[in-house]
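Below is one structure, written out as structure tokens; the observations come after it.
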Amino acid sequence: MDVSHGREVLPKNVKPTHYDLTLEPNLETFKYNGTVTIELDVVEDTKSISLNTLEVDIHETKVISGDNVITSSPKLSYNEDTQATKIDFEHTIPAGSKAKLFLKFTGTLNDNMAGFYRSSYKDADGKEQWMATTQMEPTDARRAFPCFDEPALKANFTVTLIADHKLTCLSNMDVASEKDVDSQFTGSKRKAVTFNKTPLMSTYLLAFIIAELKVHEDHSFRIPVRVFMTPDKDIDQGKFSAELGARTLEFYEKEFDSDFPLPKMDMVAIPDFSAGAMENWGLVTYRVVDLLLDEKTASASTRQRVAEVVQHELAHQWFGNLVTMDFWDGLWLNEGFATWMSWYSCNKFYPEWKVWQGYVTDNLQSALGLDSLRSSHPIEVPVKRADEINQIFDAISYSKGSCVIRMISKHLGEDVFMEGIRRYLKKHAYGNTQTGDLWAALSEASGKDVVSVADTWTKNIGFPVISVEENAKESSIKVKQNRFLRTADVKPEEDKTIFPVFLGLRTKDGVKEDLTLEKREDTFKIPDMDFYKLNADHSGIYRTNYTPERLRKLGENAKAGLLTVEDRAGMIADAGALTAAGYQKTSGLLSLLKSFDTEPDYVVWDEILARIGAIRAAWIFQDGKEKDALKALTRDVVSSKAHKLGWEFKESDGHIEQQFKSLLFGSAAGSGDGKAKAAAFEMFEKFIKGDRQAIHPNIRGAVYAVVLQYGGEKEYNAILKEYETAKNADERNTALRAIGRAKQPELMQRSLEYSLSKHVKDQDIYLPLAGLRAHKEGIETFWAWFKENWETLKKKLPPSLSMMGSVVSMATSGFTSEEQAKDVEAFFKKAGTKGFERNLAQSLDSIRAKAGWLERDAEDVKQWLKENKYL
């Protein structure tokens with residue numbers, strides 16, 4: 001192993017240039033045979049070759065130099081820790097020459113959703129059918145075949161797949177030829193499908209699929225865009241994504257000034273899939289719910305999710321696939337950019353969705369939430385070993401990464417920013433880059449120093465809180481930055497970074513975009529002290545701490561129409577986060593939230609309810625009377641608005657209006673509003689008696705949650721039946737996600753056991769568990785069950801996959817006391833934390849943050865609830 005940059009990487013003595021790979025899987029035994037010939041450039045005189053393998057058995061090895069077979073029986077040694085096989089031979093191959101490495105191997109189509117794996121679906125007769133598919137990112141190409149499995153070791157690939165004639169074979173490229181061959185498994189004839197040679201690409205983007213599939217094709221773009229699915233799916237569900245895919249590729253070609261270099265674009269819905277989607281070049285794979293869409297029954301939020309995922313994956317075809325980070329610490333650049341690009345393109349395609357408003361309550365809050373924990377990490381995080389990579393596929397890489405890109409794009413202007421991107425893609429096409437290469441291209445395009453701004457934001461952990469002191473006499477404000485931690489216990493050594501903060505000062509004259517705080521504190525003039533606000537539209541990554549008087553004033557400014565939707569939502573988010581960390585009193589936040597009862601916009605309501613939800617989650621183990629009082633407050637805040645909007649959906653309802661109605665209905669009914677609750681039960685009764693139209697898709701999840709919260713076994717059984725019989729994946733997931741809401745002990749046990757049963761795919765284990773976090777009984781029962789079933793969970797969710805981290809977070813993060821945190825620590829001290837150390841640390845931080853909040857403000861909240869007649 002070479003340890004350059006402190007990373008464990010393969011030795012640099014040879015470099016792969018081309019792979020000729022043949023694979024023949026057996027879908028009955030789940031074994032596969034393979035051969036690979038790897039053409040190599042020999043960089044240094046060499047007597048050994050090391051490459052990555054994992055759970056692959058090598059049966060035959062030949063090393064060929066020129067026309068000579070150097071050896072056909074070399075010495076093989078395997079290093080389990082670095083997942084590398086070393087091939088030693090007697091003769092030296094000189095630097096500057098070419099060599100070929102031939103390997104014959106067998107492997108297993110595993111059921112871990114990694115490498116070359118198996119996935120199943122039920123056919124029309126309810127019989128289980130199998131397919132072979134792949135997931136190589138980050139380091140699982142080595143599970144499929146022996147290879148040089150690092151992003152910088154790009155090569156061309158020629159893939160041949162051997163399969164039964166009735167099966168569809170897909171890979172990154174189009175088919176070059178097909179011929180009949182004798183099967184090594186069955187002795188009968190099978191087809192060998194060879195695909196055209198790929199462009200230069202990384203191993204993690206290689207993909208191949210063998211399955212019975214049907215396809216929806218779109219020919220509106222210059223190359224075919226196809227959506228594939230298993231035979232049990234309705235072909236029309238591929239239409240939305242195929243059309244959107246074709247339009248998006250055309251849009252990206254213009255935006256990036258770079259043609260998509262492959263001859264086709266395939267997108268495939270895979271029944272078992274651990275992530276949301278994977279951007280394999282020319283063959284993108286998806287969870288079924290993130291690709292297929294029934295346009296007649298899909299909710300507004302499902303439609304938006306599918307559009308965002310498709311546009312995210314297609315942005316990767318350039319950013320990530322054509323130009324690739326040289327190692328995994330650049331992961332954030334891939335993901336942050338594709339996330340930003342999906343919002344940018346969604347905004348252009350669907351302006352009525354107003355995605356930049358939702359960005360403030362969704363992406364930005366998710367980033368700031370995780371980054372306010374001590375156990376967060378810098379965006380650009382040093383990765384040394386393969387097994388560390390999965391833990392950084394999180395809200396920092398995706399959300400904070402995209403927030404930095406958003407901040408820089410706003411700072412430079414979107415047109416200049418896109419010009420920088422075009423230069424970057426042109427200069428580095430088919431190559432590998434480091435983050436600095438992007439900053440250089442943006443600096444060149446803008447004439448501004450992007451490097452030092454971006455470096456500070458990507459290489460340091462956390463973000464600042466900006467405290468504002470007012471001087472009315474001087475008409476000025478003094479602003480000061482300090483590290484923000486949710487646990488409210490920043491140590492001096494953790495507060496050394498000075499971030500360049502774009503203040504975005506909004507006044508009655510508009511927004512002053514060029515004000516930057518580049519030191520610890522500074523003073524700025526304000527034209528009119530009656531109205532000003534920092535961080536206009538919340539494209540800056542920080543919280544702003546105003547005095548209580550100014551916060552009240554901003555509430556009035558909001559009612560007077562002086563603040564944008566983003567300003568109002570962001571201001572509430574800041575007030576909520578600062579309160580939870582002890583900068584302000586919770587009573588002040590409760591008064592602020594209550595004063596927004598006339599708020600007209602969906603996104604702001606989304607944030608108001610999220611902040612009330614955060615208080616209720618922190619108080620979930622408190623006295624029952626206080627919990628009831630907080631529930632009554634929610635009902636009070638939301639009911640009249642919910643009744644006014646109603647929960648009937650019309651054809652003419654816009655995308656946002658649909659989401660608004662469903663948000664308020666769910667919140668009103670869930671907090672016990674009599675009218676909404678009765679409506680939920682009425683719709684549900686009709687629905688289970690066979691009226692499929694009785695519950696509108698936008699509120700299906702809310703109705704299920706309400707009838708389980710207030711109902712019992714009858715409702716539970718009906719929703720479970722819906723999961724087991726509904727036709728499309730979206731409807732099934734909605735039912736599965738709801739069952740954890742049931743509170744009765746025997747129903748909670750059923751939900752927990754069900755998550756590990758054959759009815760739930762491993763990829764969905766967390767869905768029935770998620771609802772249990774909505775109530776105190778569920779949090780306690782879930783944790784007890786988790787401890788009892790630890791060994792089973794470990795087998796089902798190997799630590800090398802990121803799923804275990806999610807389940808650990810879910811099982812622990814609902815707690816709110818130091819005592820509970822200690823119990824969690826004690827359990828994992830014995831059980832070990834390999835593969836999810838980061839998730840666990842973040843969970844413990846968030847428990848302790850809630851414990852601190854309760855300690856500070858339990859009495860304050862009690863007083864407020866009394867004064868406001870809730871207690």
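Letters for chains follow the order of the structure tokens (A, B, ...), residue numbers begin at 1 for each chain, and ligand numbers begin at 1 in the order shown.
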### Message
Give me the residues near Leu103 of chain A as an NGL selection string, where near means some atom within 7 Å (using only C-alpha atoms) and where sequence neighbours in that chain fewer than 4 positions away do not count.
### Response
:A and (35-37 or 58 or 60-62)
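For Asn52 of chain A, the list of residues within 7 Å, based on only C-alpha atoms and with local chain neighbours fewer than 6 positions off taken out, reads Gln83, Ala84, Thr85, Arg142, Pro146, Cys147, Phe148 and Asp149 of chain A.
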Would you save the residues from that selection as an mmCIF file, in the first residue's frame, using C-alpha atoms?
```cif
data_model
loop_
_atom_site.group_PDB
_atom_site.id
_atom_site.type_symbol
_atom_site.label_atom_id
_atom_site.label_comp_id
_atom_site.auth_asym_id
_atom_site.auth_seq_id
_atom_site.Cartn_x
_atom_site.Cartn_y
_atom_site.Cartn_z
ATOM 1 C CA GLN A 83 -8.879 -5.150 0.588
ATOM 2 C CA ALA A 84 -6.004 -5.700 -1.841
ATOM 3 C CA THR A 85 -4.524 -8.753 -3.583
ATOM 4 C CA ARG A 142 -13.778 -4.544 -5.970
ATOM 5 C CA PRO A 146 -10.623 -7.448 -9.322
ATOM 6 C CA CYS A 147 -9.810 -3.837 -10.214
ATOM 7 C CA PHE A 148 -7.868 -0.689 -9.365
ATOM 8 C CA ASP A 149 -10.730 0.743 -7.332
#
```
### Query
Which residues, written as a PyMOL selection string, have at least one atom at most 10 Å from Trp647 of chain A, with only C-alpha atoms counted and residues fewer than 5 positions away on the same chain left out?
chain A and resi 642+658+660-666+676+679-680+696+698-699
Output for the residues just chosen: C-alpha atoms as an mmCIF file, in the first residue's frame:
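selection-v1.cif was written with the following content:
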```cif
data_model
loop_
_atom_site.group_PDB
_atom_site.id
_atom_site.type_symbol
_atom_site.label_atom_id
_atom_site.label_comp_id
_atom_site.auth_asym_id
_atom_site.auth_seq_id
_atom_site.Cartn_x
_atom_site.Cartn_y
_atom_site.Cartn_z
ATOM 1 C CA ALA A 642 -56.189 24.829 8.396
ATOM 2 C CA GLN A 658 -51.371 21.416 -2.328
ATOM 3 C CA PHE A 660 -49.747 23.893 2.231
ATOM 4 C CA LYS A 661 -53.142 22.236 2.680
ATOM 5 C CA SER A 662 -51.565 18.901 3.515
ATOM 6 C CA LEU A 663 -49.103 20.411 6.022
ATOM 7 C CA LEU A 664 -51.812 22.289 7.958
ATOM 8 C CA PHE A 665 -54.321 19.442 7.828
ATOM 9 C CA GLY A 666 -51.747 16.951 9.193
ATOM 10 C CA ALA A 676 -59.717 17.716 11.079
ATOM 11 C CA ALA A 679 -62.419 14.215 8.670
ATOM 12 C CA ALA A 680 -59.374 11.916 8.797
ATOM 13 C CA HIS A 696 -56.168 12.382 -1.587
ATOM 14 C CA ASN A 698 -51.307 14.647 -0.672
ATOM 15 C CA ILE A 699 -52.755 13.778 2.737
#
```
For the structure I just gave you, how does DSSP split segment 94-299 of chain A - specifically, which residues are helix (DSSP H, G or I)? Reply as a PDB file with C-alpha atoms, in the first residue's frame.
```pdb
ATOM      1  CA  ALA A 141     -16.401  -2.334  -7.679  1.00  0.00           C
ATOM      2  CA  ARG A 142     -13.778  -4.544  -5.970  1.00  0.00           C
ATOM      3  CA  ARG A 143     -16.650  -6.755  -4.740  1.00  0.00           C
ATOM      4  CA  ALA A 144     -17.731  -7.323  -8.354  1.00  0.00           C
ATOM      5  CA  THR A 203     -14.489   2.183 -11.458  1.00  0.00           C
ATOM      6  CA  TYR A 204     -17.172   3.481  -9.074  1.00  0.00           C
ATOM      7  CA  LEU A 205     -19.285   4.596 -12.059  1.00  0.00           C
ATOM      8  CA  ILE A 235     -44.978   1.143 -17.919  1.00  0.00           C
ATOM      9  CA  ASP A 236     -46.693   4.560 -17.804  1.00  0.00           C
ATOM     10  CA  GLN A 237     -44.947   5.268 -14.499  1.00  0.00           C
ATOM     11  CA  GLY A 238     -41.723   5.796 -16.464  1.00  0.00           C
ATOM     12  CA  LYS A 239     -43.109   8.625 -18.589  1.00  0.00           C
ATOM     13  CA  PHE A 240     -42.558  11.566 -16.210  1.00  0.00           C
ATOM     14  CA  SER A 241     -38.871  10.745 -15.581  1.00  0.00           C
ATOM     15  CA  ALA A 242     -38.093   9.886 -19.219  1.00  0.00           C
ATOM     16  CA  GLU A 243     -39.520  13.194 -20.467  1.00  0.00           C
ATOM     17  CA  LEU A 244     -37.875  15.163 -17.671  1.00  0.00           C
ATOM     18  CA  GLY A 245     -34.577  13.327 -18.297  1.00  0.00           C
ATOM     19  CA  ALA A 246     -34.591  14.260 -21.985  1.00  0.00           C
ATOM     20  CA  ARG A 247     -35.389  17.930 -21.249  1.00  0.00           C
ATOM     21  CA  THR A 248     -32.765  18.050 -18.482  1.00  0.00           C
ATOM     22  CA  LEU A 249     -29.957  16.616 -20.649  1.00  0.00           C
ATOM     23  CA  GLU A 250     -30.721  19.202 -23.314  1.00  0.00           C
ATOM     24  CA  PHE A 251     -30.746  21.989 -20.703  1.00  0.00           C
ATOM     25  CA  TYR A 252     -27.451  20.831 -19.131  1.00  0.00           C
ATOM     26  CA  GLU A 253     -25.712  20.573 -22.509  1.00  0.00           C
ATOM     27  CA  LYS A 254     -26.489  24.271 -23.076  1.00  0.00           C
ATOM     28  CA  GLU A 255     -25.730  25.363 -19.504  1.00  0.00           C
ATOM     29  CA  PHE A 256     -22.403  23.499 -19.388  1.00  0.00           C
ATOM     30  CA  VAL A 288     -38.277   2.615  -7.312  1.00  0.00           C
ATOM     31  CA  VAL A 289     -39.965   5.523  -5.455  1.00  0.00           C
ATOM     32  CA  ASP A 290     -37.381   8.015  -6.708  1.00  0.00           C
TER      33      ASP A 290
END
```
### Task
Tell me which of A:Lys761, A:His775, A:His18, A:Arg303 sits closest to Asp730 of chain A, counting only C-alpha atoms.
A:Arg303
What's around Ser97 of chain A at 7 Å? Count only C-alpha atoms, leave out sequence neighbours fewer than 2 positions away in its own chain, and write the answer as a compact mmCIF listing (two decimals) with C-alpha atoms, in the first residue's frame.
```txt
# COMPACT_ATOMS: atom_id res chain seq x y z
CA ASP A 41 1.10 1.01 -18.38
CA VAL A 42 4.16 0.05 -16.35
CA PRO A 94 10.63 -2.65 -17.11
CA ALA A 95 9.23 0.87 -16.70
CA ALA A 99 1.62 -5.35 -19.59
```
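Taking atom CA of Met265 of chain A and atom CA of Pro224 of chain A as endpoints, the distance between them is 6.4 Å.
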### Message
Neighbouring residues of Ile210 of chain A were defined as those with any atom within 10 Å, considering only C-alpha atoms; residues of the same chain fewer than 4 positions away were excluded. Please report them as a list in words.
### Response
Glu24, Pro25, Leu27, Arg118, Trp130, Met131, Ala132, Thr133, Thr134, Leu161, Ile162, Ala163, Asp164, Leu167, Thr168, Cys169, Leu170 and Ser171 of chain A
Keeping N, CA and C atoms for every residue in the selection just given, could you write it to a file as a PDB file, in the first residue's frame?
```pdb
ATOM      1  N   GLU A  24     -20.692 -13.891 -16.091  1.00  0.00           N
ATOM      2  CA  GLU A  24     -21.871 -14.744 -16.309  1.00  0.00           C
ATOM      3  C   GLU A  24     -22.469 -15.125 -14.960  1.00  0.00           C
ATOM      4  N   PRO A  25     -23.602 -14.504 -14.582  1.00  0.00           N
ATOM      5  CA  PRO A  25     -24.219 -14.862 -13.299  1.00  0.00           C
ATOM      6  C   PRO A  25     -25.231 -15.997 -13.460  1.00  0.00           C
ATOM      7  N   LEU A  27     -28.729 -16.952 -11.848  1.00  0.00           N
ATOM      8  CA  LEU A  27     -29.752 -16.347 -10.988  1.00  0.00           C
ATOM      9  C   LEU A  27     -30.486 -17.371 -10.123  1.00  0.00           C
ATOM     10  N   ARG A 118     -27.850  -9.134  -5.908  1.00  0.00           N
ATOM     11  CA  ARG A 118     -29.143  -9.604  -6.381  1.00  0.00           C
ATOM     12  C   ARG A 118     -30.270  -8.765  -5.779  1.00  0.00           C
ATOM     13  N   TRP A 130     -35.677 -12.890  -9.723  1.00  0.00           N
ATOM     14  CA  TRP A 130     -34.404 -12.245  -9.348  1.00  0.00           C
ATOM     15  C   TRP A 130     -33.776 -11.489 -10.513  1.00  0.00           C
ATOM     16  N   MET A 131     -33.017 -10.475 -10.139  1.00  0.00           N
ATOM     17  CA  MET A 131     -32.205  -9.755 -11.129  1.00  0.00           C
ATOM     18  C   MET A 131     -30.807  -9.561 -10.548  1.00  0.00           C
ATOM     19  N   ALA A 132     -29.841  -9.328 -11.450  1.00  0.00           N
ATOM     20  CA  ALA A 132     -28.476  -9.010 -10.997  1.00  0.00           C
ATOM     21  C   ALA A 132     -28.227  -7.541 -11.339  1.00  0.00           C
ATOM     22  N   THR A 133     -27.715  -6.785 -10.371  1.00  0.00           N
ATOM     23  CA  THR A 133     -27.481  -5.362 -10.608  1.00  0.00           C
ATOM     24  C   THR A 133     -26.256  -4.920  -9.803  1.00  0.00           C
ATOM     25  N   THR A 134     -25.883  -3.648  -9.914  1.00  0.00           N
ATOM     26  CA  THR A 134     -24.636  -3.199  -9.261  1.00  0.00           C
ATOM     27  C   THR A 134     -24.818  -1.911  -8.474  1.00  0.00           C
ATOM     28  N   LEU A 161     -21.679  -9.364 -20.996  1.00  0.00           N
ATOM     29  CA  LEU A 161     -22.539 -10.054 -20.026  1.00  0.00           C
ATOM     30  C   LEU A 161     -23.147 -11.284 -20.696  1.00  0.00           C
ATOM     31  N   ILE A 162     -23.131 -12.413 -20.000  1.00  0.00           N
ATOM     32  CA  ILE A 162     -23.695 -13.662 -20.542  1.00  0.00           C
ATOM     33  C   ILE A 162     -24.961 -13.985 -19.756  1.00  0.00           C
ATOM     34  N   ALA A 163     -26.082 -14.176 -20.484  1.00  0.00           N
ATOM     35  CA  ALA A 163     -27.367 -14.353 -19.798  1.00  0.00           C
ATOM     36  C   ALA A 163     -28.347 -15.119 -20.680  1.00  0.00           C
ATOM     37  N   ASP A 164     -29.455 -15.539 -20.069  1.00  0.00           N
ATOM     38  CA  ASP A 164     -30.524 -16.190 -20.843  1.00  0.00           C
ATOM     39  C   ASP A 164     -31.060 -15.222 -21.891  1.00  0.00           C
ATOM     40  N   LEU A 167     -33.616 -12.349 -21.082  1.00  0.00           N
ATOM     41  CA  LEU A 167     -33.271 -11.270 -20.149  1.00  0.00           C
ATOM     42  C   LEU A 167     -32.652 -10.074 -20.864  1.00  0.00           C
ATOM     43  N   THR A 168     -32.892  -8.893 -20.300  1.00  0.00           N
ATOM     44  CA  THR A 168     -32.279  -7.665 -20.818  1.00  0.00           C
ATOM     45  C   THR A 168     -30.917  -7.489 -20.150  1.00  0.00           C
ATOM     46  N   CYS A 169     -29.913  -7.151 -20.968  1.00  0.00           N
ATOM     47  CA  CYS A 169     -28.580  -6.844 -20.413  1.00  0.00           C
ATOM     48  C   CYS A 169     -28.297  -5.364 -20.652  1.00  0.00           C
ATOM     49  N   LEU A 170     -27.888  -4.658 -19.608  1.00  0.00           N
ATOM     50  CA  LEU A 170     -27.582  -3.232 -19.731  1.00  0.00           C
ATOM     51  C   LEU A 170     -26.217  -2.945 -19.133  1.00  0.00           C
ATOM     52  N   SER A 171     -25.521  -1.952 -19.705  1.00  0.00           N
ATOM     53  CA  SER A 171     -24.298  -1.434 -19.086  1.00  0.00           C
ATOM     54  C   SER A 171     -24.198   0.047 -19.428  1.00  0.00           C
TER      55      SER A 171
END
```
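Taking only C-alpha atoms into account, Tyr583 of chain A lies nearest to A:Val465 out of the set A:Ala472, A:Ile608, A:Ile695, A:Val465.
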Determine, for each residue of segment 689-747 of chain A having at least one atom at most 10 Å from an atom of segment 763-771 of chain A, the closest pair of atoms and their separation in Å to one decimal, counting only C-alpha atoms; order by chain and ascending number, as CSV.
```
residue,atom,partner,partner_atom,distance
A:Ala705,CA,A:Gly771,CA,8.5
A:Asn733,CA,A:Leu767,CA,7.4
A:Thr734,CA,A:Leu767,CA,8.9
A:Ala735,CA,A:Pro768,CA,8.7
A:Leu736,CA,A:Pro768,CA,5.3
A:Arg737,CA,A:Leu767,CA,4.7
A:Ala738,CA,A:Gly771,CA,6.0
A:Ile739,CA,A:Pro768,CA,5.9
A:Gly740,CA,A:Gly771,CA,4.0
A:Arg741,CA,A:Gly771,CA,4.8
A:Ala742,CA,A:Gly771,CA,8.1
A:Lys743,CA,A:Gly771,CA,9.9
```
Just C-alpha atoms for this one: save the residues we selected as a compact mmCIF listing (two decimals), in the first residue's frame.
```txt
# COMPACT_ATOMS: atom_id res chain seq x y z
CA ALA A 705 -50.72 8.93 11.13
CA ASN A 733 -43.99 3.30 1.56
CA THR A 734 -46.56 5.78 2.90
CA ALA A 735 -48.32 2.90 4.70
CA LEU A 736 -45.09 1.35 5.99
CA ARG A 737 -43.86 4.70 7.27
CA ALA A 738 -47.07 5.22 9.25
CA ILE A 739 -47.29 2.01 11.28
CA GLY A 740 -44.78 3.10 13.94
CA ARG A 741 -47.25 5.83 14.99
CA ALA A 742 -49.39 3.27 16.84
CA LYS A 743 -48.84 3.55 20.61
```
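Take the candidates A:Asn868, A:Ser301, A:Gln481, A:Gln184 and check each one against Leu633 of chain A using only C-alpha atoms; the shortest distance goes to A:Asn868.
Taking only C-alpha atoms into account, Ser397 of chain A lies nearest to A:Leu333 out of the set A:Leu373, A:Ala558, A:Leu333, A:Leu517.
Atom CA of Lys480 of chain A is positioned 4.1 Å from atom CA of Glu521 of chain A.
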### Test item: residues at most 10 Å from segment 592-595 of chain A, only C-alpha atoms, excluding those fewer than 6 positions along its chain, as an MDAnalysis selection string
chainID A and resid 548 551:552 554:556 559 572 575:576 586 605 607:609 611:612 633:634 636:638
Just write the chosen residues, N, CA and C atoms, as a PDB file, in the first residue's frame.
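Below you can see part.pdb, which holds the result:
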```pdb
ATOM      1  N   PRO A 548     -34.155  40.922  21.864  1.00  0.00           N
ATOM      2  CA  PRO A 548     -35.596  40.599  21.851  1.00  0.00           C
ATOM      3  C   PRO A 548     -36.429  41.734  21.235  1.00  0.00           C
ATOM      4  N   LEU A 551     -36.173  41.598  17.501  1.00  0.00           N
ATOM      5  CA  LEU A 551     -36.906  40.436  16.998  1.00  0.00           C
ATOM      6  C   LEU A 551     -38.404  40.747  16.914  1.00  0.00           C
ATOM      7  N   ARG A 552     -38.894  41.435  17.959  1.00  0.00           N
ATOM      8  CA  ARG A 552     -40.319  41.838  17.939  1.00  0.00           C
ATOM      9  C   ARG A 552     -40.587  42.769  16.761  1.00  0.00           C
ATOM     10  N   LEU A 554     -38.916  42.976  13.997  1.00  0.00           N
ATOM     11  CA  LEU A 554     -38.876  42.228  12.736  1.00  0.00           C
ATOM     12  C   LEU A 554     -40.189  41.492  12.488  1.00  0.00           C
ATOM     13  N   GLY A 555     -40.808  41.021  13.590  1.00  0.00           N
ATOM     14  CA  GLY A 555     -42.138  40.405  13.464  1.00  0.00           C
ATOM     15  C   GLY A 555     -43.131  41.401  12.868  1.00  0.00           C
ATOM     16  N   GLU A 556     -43.070  42.667  13.344  1.00  0.00           N
ATOM     17  CA  GLU A 556     -43.953  43.724  12.801  1.00  0.00           C
ATOM     18  C   GLU A 556     -43.588  44.014  11.342  1.00  0.00           C
ATOM     19  N   LYS A 559     -45.109  41.472   9.163  1.00  0.00           N
ATOM     20  CA  LYS A 559     -46.546  41.682   8.916  1.00  0.00           C
ATOM     21  C   LYS A 559     -46.768  42.845   7.946  1.00  0.00           C
ATOM     22  N   ILE A 572     -37.313  32.831  11.601  1.00  0.00           N
ATOM     23  CA  ILE A 572     -37.929  31.913  12.576  1.00  0.00           C
ATOM     24  C   ILE A 572     -36.974  30.757  12.881  1.00  0.00           C
ATOM     25  N   ALA A 575     -34.259  32.040  15.170  1.00  0.00           N
ATOM     26  CA  ALA A 575     -34.775  32.245  16.535  1.00  0.00           C
ATOM     27  C   ALA A 575     -34.934  30.894  17.229  1.00  0.00           C
ATOM     28  N   GLY A 576     -35.426  29.893  16.495  1.00  0.00           N
ATOM     29  CA  GLY A 576     -35.617  28.557  17.076  1.00  0.00           C
ATOM     30  C   GLY A 576     -34.310  27.918  17.489  1.00  0.00           C
ATOM     31  N   THR A 586     -37.020  30.489  25.750  1.00  0.00           N
ATOM     32  CA  THR A 586     -38.028  29.772  24.962  1.00  0.00           C
ATOM     33  C   THR A 586     -39.367  30.503  24.999  1.00  0.00           C
ATOM     34  N   TRP A 605     -44.829  28.651   7.267  1.00  0.00           N
ATOM     35  CA  TRP A 605     -45.589  27.750   8.147  1.00  0.00           C
ATOM     36  C   TRP A 605     -44.831  26.457   8.397  1.00  0.00           C
ATOM     37  N   GLU A 607     -41.716  26.112   8.617  1.00  0.00           N
ATOM     38  CA  GLU A 607     -40.678  26.387   9.622  1.00  0.00           C
ATOM     39  C   GLU A 607     -41.296  26.640  11.007  1.00  0.00           C
ATOM     40  N   ILE A 608     -42.421  27.353  11.062  1.00  0.00           N
ATOM     41  CA  ILE A 608     -43.099  27.594  12.357  1.00  0.00           C
ATOM     42  C   ILE A 608     -43.408  26.251  13.012  1.00  0.00           C
ATOM     43  N   LEU A 609     -43.992  25.348  12.229  1.00  0.00           N
ATOM     44  CA  LEU A 609     -44.396  24.045  12.786  1.00  0.00           C
ATOM     45  C   LEU A 609     -43.184  23.179  13.124  1.00  0.00           C
ATOM     46  N   ARG A 611     -40.383  24.341  14.263  1.00  0.00           N
ATOM     47  CA  ARG A 611     -39.819  24.868  15.522  1.00  0.00           C
ATOM     48  C   ARG A 611     -40.697  24.514  16.724  1.00  0.00           C
ATOM     49  N   ILE A 612     -42.015  24.526  16.543  1.00  0.00           N
ATOM     50  CA  ILE A 612     -42.883  24.054  17.645  1.00  0.00           C
ATOM     51  C   ILE A 612     -42.610  22.564  17.856  1.00  0.00           C
ATOM     52  N   LEU A 633     -51.222  24.305  22.186  1.00  0.00           N
ATOM     53  CA  LEU A 633     -50.642  25.486  21.528  1.00  0.00           C
ATOM     54  C   LEU A 633     -50.557  25.253  20.017  1.00  0.00           C
ATOM     55  N   THR A 634     -50.062  24.077  19.617  1.00  0.00           N
ATOM     56  CA  THR A 634     -49.966  23.764  18.180  1.00  0.00           C
ATOM     57  C   THR A 634     -51.352  23.896  17.546  1.00  0.00           C
ATOM     58  N   ASP A 636     -53.901  25.543  18.568  1.00  0.00           N
ATOM     59  CA  ASP A 636     -54.314  26.943  18.586  1.00  0.00           C
ATOM     60  C   ASP A 636     -53.712  27.718  17.413  1.00  0.00           C
ATOM     61  N   VAL A 637     -52.424  27.491  17.190  1.00  0.00           N
ATOM     62  CA  VAL A 637     -51.706  28.222  16.145  1.00  0.00           C
ATOM     63  C   VAL A 637     -52.227  27.838  14.759  1.00  0.00           C
ATOM     64  N   VAL A 638     -52.541  26.555  14.596  1.00  0.00           N
ATOM     65  CA  VAL A 638     -52.736  26.039  13.241  1.00  0.00           C
ATOM     66  C   VAL A 638     -54.199  25.898  12.815  1.00  0.00           C
TER      67      VAL A 638
END
```
### Message
So that I can check the secondary structure, give me every residue of segment 173-356 of chain A assigned strand (DSSP E) by backbone DSSP, as an MDAnalysis selection string.
### Response
chainID A and resid 175:182 189:195 208:211 214:218 225:229 265:270 277:278 283:287 324:325
### Task
Using only C-alpha atoms, find the one residue out of A:Ile620, A:Val501, A:Ile466, A:Val603 that sits nearest to Ala454 of chain A.
A:Val501
